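Coordinates as given in protein18.cif (mmCIF, C-alpha atoms):
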data_input
loop_
_atom_site.label_atom_id
_atom_site.label_comp_id
_atom_site.auth_asym_id
_atom_site.auth_seq_id
_atom_site.Cartn_x
_atom_site.Cartn_y
_atom_site.Cartn_z
CA MET A 992 69.83 124.39 110.95
CA PRO A 993 71.96 121.68 109.32
CA LYS A 994 70.12 118.64 108.11
CA ILE A 995 71.06 115.45 109.92
CA ASN A 996 72.28 112.75 107.59
CA ILE A 997 71.53 109.31 109.02
CA SER A 998 74.24 107.45 107.16
CA ARG A 999 76.85 109.96 108.30
CA LEU A 1000 75.52 109.48 111.83
CA TRP A 1001 76.09 105.73 111.52
CA TRP A 1002 79.64 106.35 110.36
CA ALA A 1003 80.26 108.73 113.24
CA CYS A 1004 78.90 106.15 115.69
CA LEU A 1005 81.13 103.44 114.26
CA ILE A 1006 84.21 105.69 114.43
CA ALA A 1007 83.43 106.60 118.03
CA MET A 1008 83.02 102.91 118.97
CA VAL A 1009 86.30 101.95 117.33
CA ALA A 1010 88.11 104.87 118.91
CA SER A 1011 86.76 104.15 122.39
CA TYR A 1012 87.39 100.38 122.31
CA PRO A 1013 90.87 100.53 123.89
CA LEU A 1014 89.47 102.85 126.53
CA SER A 1015 86.70 100.40 127.42
CA VAL A 1016 89.19 97.51 127.59
CA HIS A 1017 91.35 99.54 129.92
CA ALA A 1018 88.31 100.44 132.03
CA ALA A 1019 87.31 96.75 132.29
CA ILE A 1020 90.81 95.81 133.41
CA VAL A 1021 90.83 98.55 136.01
CA MET A 1022 87.37 97.52 137.27
CA GLN A 1023 88.41 93.89 137.65
CA GLY A 1024 91.55 94.68 139.51
CA ARG A 1025 89.91 96.94 142.05
CA ASN A 1026 88.13 95.97 145.24
CA PHE A 1027 84.98 97.98 145.67
CA SER A 1028 83.54 98.79 149.04
CA ALA A 1029 80.17 97.96 150.48
CA PRO A 1030 77.27 99.25 148.40
CA PHE A 1031 78.94 98.41 145.10
CA LEU A 1032 79.31 94.69 145.69
CA PHE A 1033 77.37 92.00 143.89
CA SER A 1034 76.12 90.72 147.23
CA TRP A 1035 74.41 94.06 147.73
CA LEU A 1036 72.30 93.53 144.64
CA GLY A 1037 69.31 92.63 146.82
CA VAL A 1038 69.60 95.91 148.68
CA TRP A 1039 69.74 97.85 145.40
CA VAL A 1040 66.79 95.99 143.92
CA PHE A 1041 64.61 96.28 146.99
CA SER A 1042 65.35 99.94 147.53
CA LEU A 1043 64.38 100.49 143.91
CA ALA A 1044 61.18 98.57 144.64
CA GLY A 1045 60.58 100.69 147.73
CA GLY A 1046 60.99 103.83 145.66
CA ILE A 1047 58.49 102.50 143.13
CA CYS A 1048 56.03 101.72 145.92
CA ALA A 1049 56.62 105.16 147.45
CA SER A 1050 55.66 106.72 144.14
CA PHE A 1051 52.08 105.66 144.86
CA VAL A 1052 52.06 107.94 147.90
CA ARG A 1053 49.93 110.89 146.92
CA ILE A 1054 50.45 114.12 148.81
CA GLU A 1055 49.19 116.88 146.57
CA ASP A 1056 51.30 119.66 148.08
CA ILE A 1057 54.37 117.65 147.07
CA ASP A 1058 53.22 116.21 143.77
CA ASN A 1059 51.96 119.51 142.39
CA LYS A 1060 55.40 121.08 142.81
CA PHE A 1061 57.47 118.36 141.16
CA TYR A 1062 58.05 118.18 137.45
CA ALA A 1063 57.99 114.36 137.44
CA PRO A 1064 56.87 113.25 140.92
CA MET A 1065 56.89 109.50 140.27
CA PHE A 1066 60.38 109.50 138.79
CA ALA A 1067 61.65 111.82 141.52
CA LYS A 1068 60.35 109.51 144.24
CA ILE A 1069 61.87 106.45 142.57
CA VAL A 1070 65.29 108.10 142.36
CA LEU A 1071 65.12 109.52 145.88
CA GLY A 1072 63.97 106.18 147.27
CA LEU A 1073 66.65 104.16 145.52
CA PHE A 1074 69.56 106.26 146.63
CA SER A 1075 68.35 107.10 150.13
CA GLY A 1076 67.55 103.43 150.75
CA VAL A 1077 70.99 102.26 149.70
CA ALA A 1078 72.65 105.08 151.63
CA LEU A 1079 70.72 104.25 154.80
CA CYS A 1080 71.52 100.55 154.43
CA SER A 1081 75.22 101.21 154.05
CA LEU A 1082 74.97 103.49 157.09
CA ILE A 1083 73.27 100.76 159.13
CA ALA A 1084 75.62 98.00 158.02
CA SER A 1085 78.55 100.42 158.52
CA GLY A 1086 80.09 99.42 155.24
CA SER A 1087 80.92 95.90 156.31
CA GLU A 1088 80.64 92.60 154.52
CA PRO A 1089 77.60 90.96 152.87
CA PRO A 1090 74.24 91.80 154.37
CA LYS A 1091 71.61 89.11 154.56
CA GLY A 1092 67.84 88.98 154.43
CA ALA A 1093 67.10 91.34 157.28
CA LEU A 1094 68.95 94.22 155.68
CA THR A 1095 67.46 93.46 152.28
CA PHE A 1096 63.98 93.66 153.76
CA TRP A 1097 64.85 96.82 155.61
CA ALA A 1098 66.09 98.40 152.37
CA PHE A 1099 62.52 98.21 151.14
CA CYS A 1100 61.16 99.82 154.32
CA ALA A 1101 63.87 102.48 154.34
CA SER A 1102 63.29 103.63 150.78
CA LEU A 1103 59.52 103.42 151.22
CA PHE A 1104 59.69 105.79 154.17
CA SER A 1105 62.52 108.04 153.08
CA ALA A 1106 61.40 108.82 149.52
CA PRO A 1107 58.43 110.92 150.70
CA ILE A 1108 60.64 112.43 153.41
CA GLY A 1109 63.19 113.57 150.83
CA ALA A 1110 60.56 114.83 148.41
CA GLY A 1111 58.70 116.63 151.17
CA ALA A 1112 61.88 118.23 152.47
CA LEU A 1113 62.74 119.47 148.97
CA VAL A 1114 59.28 120.95 148.51
CA TYR A 1115 59.13 122.38 151.99
CA LEU A 1116 62.50 124.08 151.72
CA SER A 1117 62.02 125.36 148.16
CA ASN A 1118 58.92 127.43 148.80
CA GLN A 1119 60.00 131.04 148.40
CA ASP A 1120 57.02 132.37 150.32
CA ARG A 1121 57.88 130.23 153.29
CA LEU A 1122 61.54 131.29 153.13
CA ASN A 1123 60.46 134.92 152.99
CA GLY A 1124 58.34 134.33 156.07
CA TRP A 1125 61.35 132.92 157.90
CA PHE A 1126 63.59 135.78 156.77
CA ASN A 1127 61.02 138.31 157.82
CA ARG A 1128 60.81 136.68 161.18
CA VAL A 1129 64.56 137.10 161.57
CA SER A 1130 64.80 140.71 160.35
CA ARG A 1131 61.61 142.67 160.17
CA HIS A 1132 62.75 145.38 157.76
CA THR A 1133 65.24 144.45 155.08
CA ILE A 1134 68.42 142.49 154.81
CA ASP A 1135 69.83 145.05 152.43
CA ASN A 1136 68.23 148.27 151.29
CA ARG A 1137 68.60 147.30 147.67
CA PHE A 1138 66.83 143.99 148.09
CA PRO A 1139 63.63 144.47 150.08
CA ILE A 1140 62.12 141.26 151.34
CA ASP A 1141 58.87 140.25 149.74
CA LYS A 1142 56.04 140.69 152.20
CA ASP A 1143 53.21 139.85 149.84
CA TYR A 1144 52.99 136.36 151.20
CA LYS A 1145 50.70 137.71 153.90
CA ARG A 1146 48.20 139.10 151.44
CA ARG A 1147 48.34 136.44 148.80
CA SER A 1148 45.64 134.14 150.12
CA GLN A 1149 43.48 133.75 153.14
CA ASP A 1150 44.07 130.03 153.19
CA ASP A 1151 47.46 129.40 154.72
CA THR A 1152 47.36 125.64 154.65
CA ASP A 1153 50.05 125.50 151.97
CA LEU A 1154 52.27 128.00 153.73
CA ARG A 1155 52.89 126.15 156.90
CA MET B 1458 61.41 86.92 179.01
CA ILE B 1459 64.48 88.47 177.47
CA PRO B 1460 64.31 92.26 177.09
CA ILE B 1461 65.31 92.20 173.43
CA TYR B 1462 62.04 90.44 172.58
CA VAL B 1463 60.10 93.29 174.16
CA ASP B 1464 62.28 95.69 172.18
CA PHE B 1465 61.48 93.97 168.93
CA ILE B 1466 57.74 93.73 169.59
CA VAL B 1467 57.46 97.35 170.66
CA SER B 1468 59.45 98.80 167.76
CA PHE B 1469 57.76 96.63 165.16
CA ALA B 1470 54.33 97.55 166.52
CA ALA B 1471 55.28 101.23 166.49
CA THR B 1472 56.38 101.01 162.84
CA VAL B 1473 53.16 99.27 161.83
CA ALA B 1474 51.10 101.79 163.81
CA GLY B 1475 52.79 104.64 161.94
CA LEU B 1476 52.04 102.95 158.61
CA MET B 1477 48.42 102.36 159.58
CA VAL B 1478 47.95 105.97 160.60
CA LEU B 1479 49.53 107.13 157.33
CA VAL B 1480 47.28 104.96 155.21
CA SER B 1481 43.99 105.03 157.09
CA LYS B 1482 43.97 108.42 158.81
CA MET B 1483 46.17 110.61 156.65
CA ASP B 1484 45.04 109.21 153.29
CA VAL B 1485 48.48 109.20 151.70
CA LEU B 1486 47.32 106.67 149.11
CA ASN B 1487 44.02 108.41 148.46
CA ARG B 1488 44.13 110.65 145.46
CA LYS B 1489 41.02 112.59 146.38
CA ALA B 1490 41.78 113.36 150.02
CA TYR B 1491 44.04 116.20 151.09
CA THR B 1492 47.14 115.21 153.04
CA PRO B 1493 48.90 117.90 155.09
CA ILE B 1494 52.61 117.89 154.30
CA LEU B 1495 54.25 118.61 157.66
CA GLU B 1496 52.22 116.11 159.67
CA SER B 1497 52.81 113.32 157.19
CA MET B 1498 56.53 114.11 157.13
CA ILE B 1499 56.63 113.82 160.93
CA ILE B 1500 54.95 110.42 160.79
CA PHE B 1501 57.21 109.24 157.95
CA ILE B 1502 60.34 110.24 159.88
CA GLY B 1503 59.12 108.58 163.06
CA SER B 1504 58.23 105.35 161.26
CA LEU B 1505 61.66 105.29 159.63
CA GLY B 1506 63.31 105.64 163.04
CA TRP B 1507 61.18 102.90 164.58
CA SER B 1508 61.97 100.63 161.63
CA VAL B 1509 65.69 101.09 162.38
CA PHE B 1510 65.09 99.91 165.95
CA ALA B 1511 62.98 97.03 164.66
CA LEU B 1512 65.75 95.93 162.27
CA LEU B 1513 68.46 96.10 164.91
CA SER B 1514 66.44 94.22 167.52
CA PHE B 1515 65.43 91.62 164.92
CA ALA B 1516 69.07 91.16 163.99
CA ALA B 1517 69.96 90.76 167.65
CA VAL B 1518 67.15 88.26 168.24
CA THR B 1519 67.96 86.07 165.25
CA ARG B 1520 71.72 86.81 165.22
CA TYR B 1521 71.40 86.38 161.50
CA PRO B 1522 73.39 89.14 159.79
CA PRO B 1523 77.07 88.29 160.29
CA TRP B 1524 77.90 91.88 161.16
CA LEU B 1525 75.84 91.51 164.32
CA ALA B 1526 76.62 87.89 165.19
CA ASP B 1527 78.90 88.21 168.15
CA ASP B 1528 80.03 85.38 170.37
CA ASP B 1529 78.56 87.05 173.39
CA VAL B 1530 74.86 87.08 172.68
CA TRP B 1531 73.23 90.44 173.16
CA THR B 1532 69.94 89.94 174.94
CA GLY B 1533 69.16 93.58 175.56
CA SER B 1534 68.88 95.33 178.88
CA TRP B 1535 65.82 96.41 180.78
CA GLY B 1536 67.05 99.99 180.95
CA TYR B 1537 67.06 100.36 177.16
CA THR B 1538 63.76 98.55 176.92
CA THR B 1539 62.12 100.82 179.47
CA ALA B 1540 63.29 103.86 177.55
CA ARG B 1541 61.96 102.35 174.33
CA VAL B 1542 58.59 101.64 175.88
CA LEU B 1543 58.38 105.23 177.14
CA TRP B 1544 59.27 106.47 173.64
CA SER B 1545 56.57 104.25 172.20
CA VAL B 1546 54.01 105.82 174.56
CA ALA B 1547 55.16 109.24 173.34
CA TRP B 1548 54.89 107.98 169.74
CA VAL B 1549 51.30 106.84 170.28
CA LEU B 1550 50.40 110.23 171.75
CA LEU B 1551 52.04 111.92 168.75
CA LEU B 1552 50.08 109.68 166.39
CA LEU B 1553 46.82 110.65 168.10
CA LEU B 1554 47.74 114.33 167.96
CA MET B 1555 48.68 114.19 164.29
CA THR B 1556 45.52 112.25 163.46
CA ARG B 1557 43.42 114.91 165.08
CA TYR B 1558 45.32 117.74 163.45
CA THR B 1559 45.12 116.07 160.05
CA ALA B 1560 41.37 115.81 160.36
CA TYR B 1561 41.26 119.51 161.23
CA MET B 1562 43.42 120.47 158.25
CA GLN B 1563 41.36 118.31 155.88
CA HIS B 1564 38.16 119.88 157.13
CA ARG B 1565 39.67 123.34 156.75
CA LYS B 1566 40.85 122.62 153.23
CA GLN B 1567 37.45 121.28 152.26
CA TYR B 1568 35.32 124.03 153.75
CA LYS B 1569 37.59 127.03 153.47
CA ASP B 1570 35.92 130.38 153.74
#

Produce structure tokens that represent the structure in this file.
Amino acid sequence: MPKINISRLWWACLIAMVASYPLSVHAAIVMQGRNFSAPFLFSWLGVWVFSLAGGICASFVRIEDIDNKFYAPMFAKIVLGLFSGVALCSLIASGSEPPKGALTFWAFCASLFSAPIGAGALVYLSNQDRLNGWFNRVSRHTIDNRFPIDKDYKRRSQDDTDLR
Amino acid sequence: MIPIYVDFIVSFAATVAGLMVLVSKMDVLNRKAYTPILESMIIFIGSLGWSVFALLSFAAVTRYPPWLADDDVWTGSWGYTTARVLWSVAWVLLLLLMTRYTAYMQHRKQYKD
């Protein structure tokens, strides 16, 4: 394990900044010259901010079947809420010109409702026991002889509330 | 009475009803109570859909967002409104059903054999 030298790290940072300066200038020029479409406009800032706020508010929703499966449930709900809210708003406004207050308010509602929907869908579809149940319903024996389908999900617990 | 007003009232009330059921009956904000996943997902999806209708009818009532401000003012039609009212009746029945089923699942989780 090589020992990290802080002063060398500073030098490396400085060299990287100097080397990437022309690149950043070029990127700024390209950004200014280009017309972006609907969700990436400055007038959509309200939609972005309020869908972020809706995601933050949705992170207070506590459904233990969901939250026990996620690694970072609050962060996951914030991210899901932000992007699903903005996506739904651009779908509703059909990518047209500046939205006003109604859409900004609805961004909050959309991300508030759709963050738990997205998280719940991820959890619901990523349960291997449930998938095995579905597969077993389709083919009772095996899909392939080398890969027998797990049937232990029937014996694992008497309480099937988390398997539905 | 213009039908779009009825549209807006019905869809807004349906959205709020879904929220109230989620908070008061399904205990989504309560850390200690168990919330069944599938039932709450159904209510979340339904509330999202009703909020879309509420937004669109609000935009048509106020003609505020420019992307909906047409010269010919859309005042709704009684056919759409009738369908929406029927859907709202179905939504209320679904809310009652999910409330009942949630109570059953919570009881079962609490007193499992």

| field | For Asn1487 of chain B: contacts at 9 Å, only C-alpha atoms, fewer than 3 positions along chain excluded, given as a PyMOL selection string | value | (chain A and resi 1052-1054) or (chain B and resi 1480+1483-1484+1490-1492)

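Across the model, the gap from atom CA of Leu1552 of chain B to atom CA of Lys1068 of chain A is 24.4 Å.
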
| said: Can you work out which residues from chain B touch chain A at a cut-off of 8 Å (counting only C-alpha atoms) and hand them back as a PyMOL selection string? | reply: chain B and resi 1485-1488+1491-1495+1498+1501-1502+1504-1505+1508+1512+1515-1516+1521-1524+1562+1566+1569

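The two atoms in question, atom CA of Arg1557 of chain B and atom CA of Ile1499 of chain B, are spaced 13.9 Å apart.
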
| For segment 1041-1043 of chain A: contacts at 6 Å, all atoms listed in the file, fewer than 2 positions along chain excluded, given as an NGL selection string | :A and (1037-1039 or 1045-1046 or 1073 or 1076 or 1098-1099 or 1102)

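The residues returned by the PyMOL selection byres ((chain B and resi 1465) around 8) for this structure are Ile1461, Tyr1462, Val1463, Asp1464, Ile1466, Val1467, Ser1468, Phe1469, Phe1510, Ala1511, Ser1514 and Phe1515 of chain B.
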
Could you save those same residues with C-alpha atoms as a PDB file, in the coordinates of the input?
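What follows is the written file out08.pdb:
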ATOM      1  CA  ILE B1461      65.310  92.200 173.430  1.00  0.00           C
ATOM      2  CA  TYR B1462      62.040  90.440 172.580  1.00  0.00           C
ATOM      3  CA  VAL B1463      60.100  93.290 174.160  1.00  0.00           C
ATOM      4  CA  ASP B1464      62.280  95.690 172.180  1.00  0.00           C
ATOM      5  CA  ILE B1466      57.740  93.730 169.590  1.00  0.00           C
ATOM      6  CA  VAL B1467      57.460  97.350 170.660  1.00  0.00           C
ATOM      7  CA  SER B1468      59.450  98.800 167.760  1.00  0.00           C
ATOM      8  CA  PHE B1469      57.760  96.630 165.160  1.00  0.00           C
ATOM      9  CA  PHE B1510      65.090  99.910 165.950  1.00  0.00           C
ATOM     10  CA  ALA B1511      62.980  97.030 164.660  1.00  0.00           C
ATOM     11  CA  SER B1514      66.440  94.220 167.520  1.00  0.00           C
ATOM     12  CA  PHE B1515      65.430  91.620 164.920  1.00  0.00           C
TER      13      PHE B1515
END

| atom CA of Ser1497 of chain B and atom CA of Phe1126 of chain A, how far apart in Å? | 24.9 Å

For the PyMOL selection byres ((chain B and resi 1541-1547) around 8), applied here, can you spell out every residue it catches as a tab-separated table (two decimals) with C-alpha atoms, in the frame of the given file?
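Saved file part.tsv follows:
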chain	number	residue	atom	x	y	z
B	1464	ASP	CA	62.28	95.69	172.18
B	1467	VAL	CA	57.46	97.35	170.66
B	1468	SER	CA	59.45	98.80	167.76
B	1471	ALA	CA	55.28	101.23	166.49
B	1537	TYR	CA	67.06	100.36	177.16
B	1538	THR	CA	63.76	98.55	176.92
B	1539	THR	CA	62.12	100.82	179.47
B	1540	ALA	CA	63.29	103.86	177.55
B	1548	TRP	CA	54.89	107.98	169.74
B	1549	VAL	CA	51.30	106.84	170.28
B	1550	LEU	CA	50.40	110.23	171.75
B	1551	LEU	CA	52.04	111.92	168.75

| query | Which is closer to Pro1064 of chain A than all the others in A:Ile1047, A:Val1021, A:Leu1032, A:Met1008, using all atoms listed in the file? | reply | A:Ile1047

Pull C-alpha atoms for segment 1480-1517 of chain B from the block and write them as a PDB file, in the first residue's frame.
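Below is the file that was written, decode-v2.pdb:
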ATOM      1  CA  VAL B1480     -52.195   8.909   6.458  1.00  0.00           C
ATOM      2  CA  SER B1481     -55.035   8.057   8.809  1.00  0.00           C
ATOM      3  CA  LYS B1482     -55.973   4.486   7.886  1.00  0.00           C
ATOM      4  CA  MET B1483     -52.800   3.007   6.435  1.00  0.00           C
ATOM      5  CA  ASP B1484     -50.379   4.697   8.842  1.00  0.00           C
ATOM      6  CA  VAL B1485     -47.733   5.479   6.241  1.00  0.00           C
ATOM      7  CA  LEU B1486     -46.249   8.152   8.504  1.00  0.00           C
ATOM      8  CA  ASN B1487     -46.445   6.030  11.630  1.00  0.00           C
ATOM      9  CA  ARG B1488     -43.213   4.304  12.426  1.00  0.00           C
ATOM     10  CA  LYS B1489     -44.757   1.784  14.779  1.00  0.00           C
ATOM     11  CA  ALA B1490     -47.688   0.613  12.676  1.00  0.00           C
ATOM     12  CA  TYR B1491     -47.342  -1.959   9.931  1.00  0.00           C
ATOM     13  CA  THR B1492     -48.260  -0.802   6.430  1.00  0.00           C
ATOM     14  CA  PRO B1493     -49.012  -3.449   3.806  1.00  0.00           C
ATOM     15  CA  ILE B1494     -47.015  -2.745   0.663  1.00  0.00           C
ATOM     16  CA  LEU B1495     -49.393  -3.691  -2.158  1.00  0.00           C
ATOM     17  CA  GLU B1496     -52.427  -1.867  -0.788  1.00  0.00           C
ATOM     18  CA  SER B1497     -50.484   1.316  -0.156  1.00  0.00           C
ATOM     19  CA  MET B1498     -48.998   1.134  -3.656  1.00  0.00           C
ATOM     20  CA  ILE B1499     -52.505   0.880  -5.113  1.00  0.00           C
ATOM     21  CA  ILE B1500     -53.620   3.960  -3.197  1.00  0.00           C
ATOM     22  CA  PHE B1501     -50.458   5.886  -4.131  1.00  0.00           C
ATOM     23  CA  ILE B1502     -50.957   5.114  -7.832  1.00  0.00           C
ATOM     24  CA  GLY B1503     -54.629   6.066  -7.713  1.00  0.00           C
ATOM     25  CA  SER B1504     -53.904   9.347  -5.932  1.00  0.00           C
ATOM     26  CA  LEU B1505     -51.241  10.190  -8.507  1.00  0.00           C
ATOM     27  CA  GLY B1506     -53.730   9.602 -11.313  1.00  0.00           C
ATOM     28  CA  TRP B1507     -56.413  11.719  -9.648  1.00  0.00           C
ATOM     29  CA  SER B1508     -53.877  14.491  -9.088  1.00  0.00           C
ATOM     30  CA  VAL B1509     -53.191  14.511 -12.849  1.00  0.00           C
ATOM     31  CA  PHE B1510     -56.903  15.047 -13.497  1.00  0.00           C
ATOM     32  CA  ALA B1511     -57.007  17.718 -10.800  1.00  0.00           C
ATOM     33  CA  LEU B1512     -54.070  19.575 -12.385  1.00  0.00           C
ATOM     34  CA  LEU B1513     -55.527  19.444 -15.885  1.00  0.00           C
ATOM     35  CA  SER B1514     -58.986  20.576 -14.793  1.00  0.00           C
ATOM     36  CA  PHE B1515     -57.455  23.342 -12.663  1.00  0.00           C
ATOM     37  CA  ALA B1516     -55.432  24.504 -15.644  1.00  0.00           C
ATOM     38  CA  ALA B1517     -58.567  24.493 -17.776  1.00  0.00           C
TER      39      ALA B1517
END
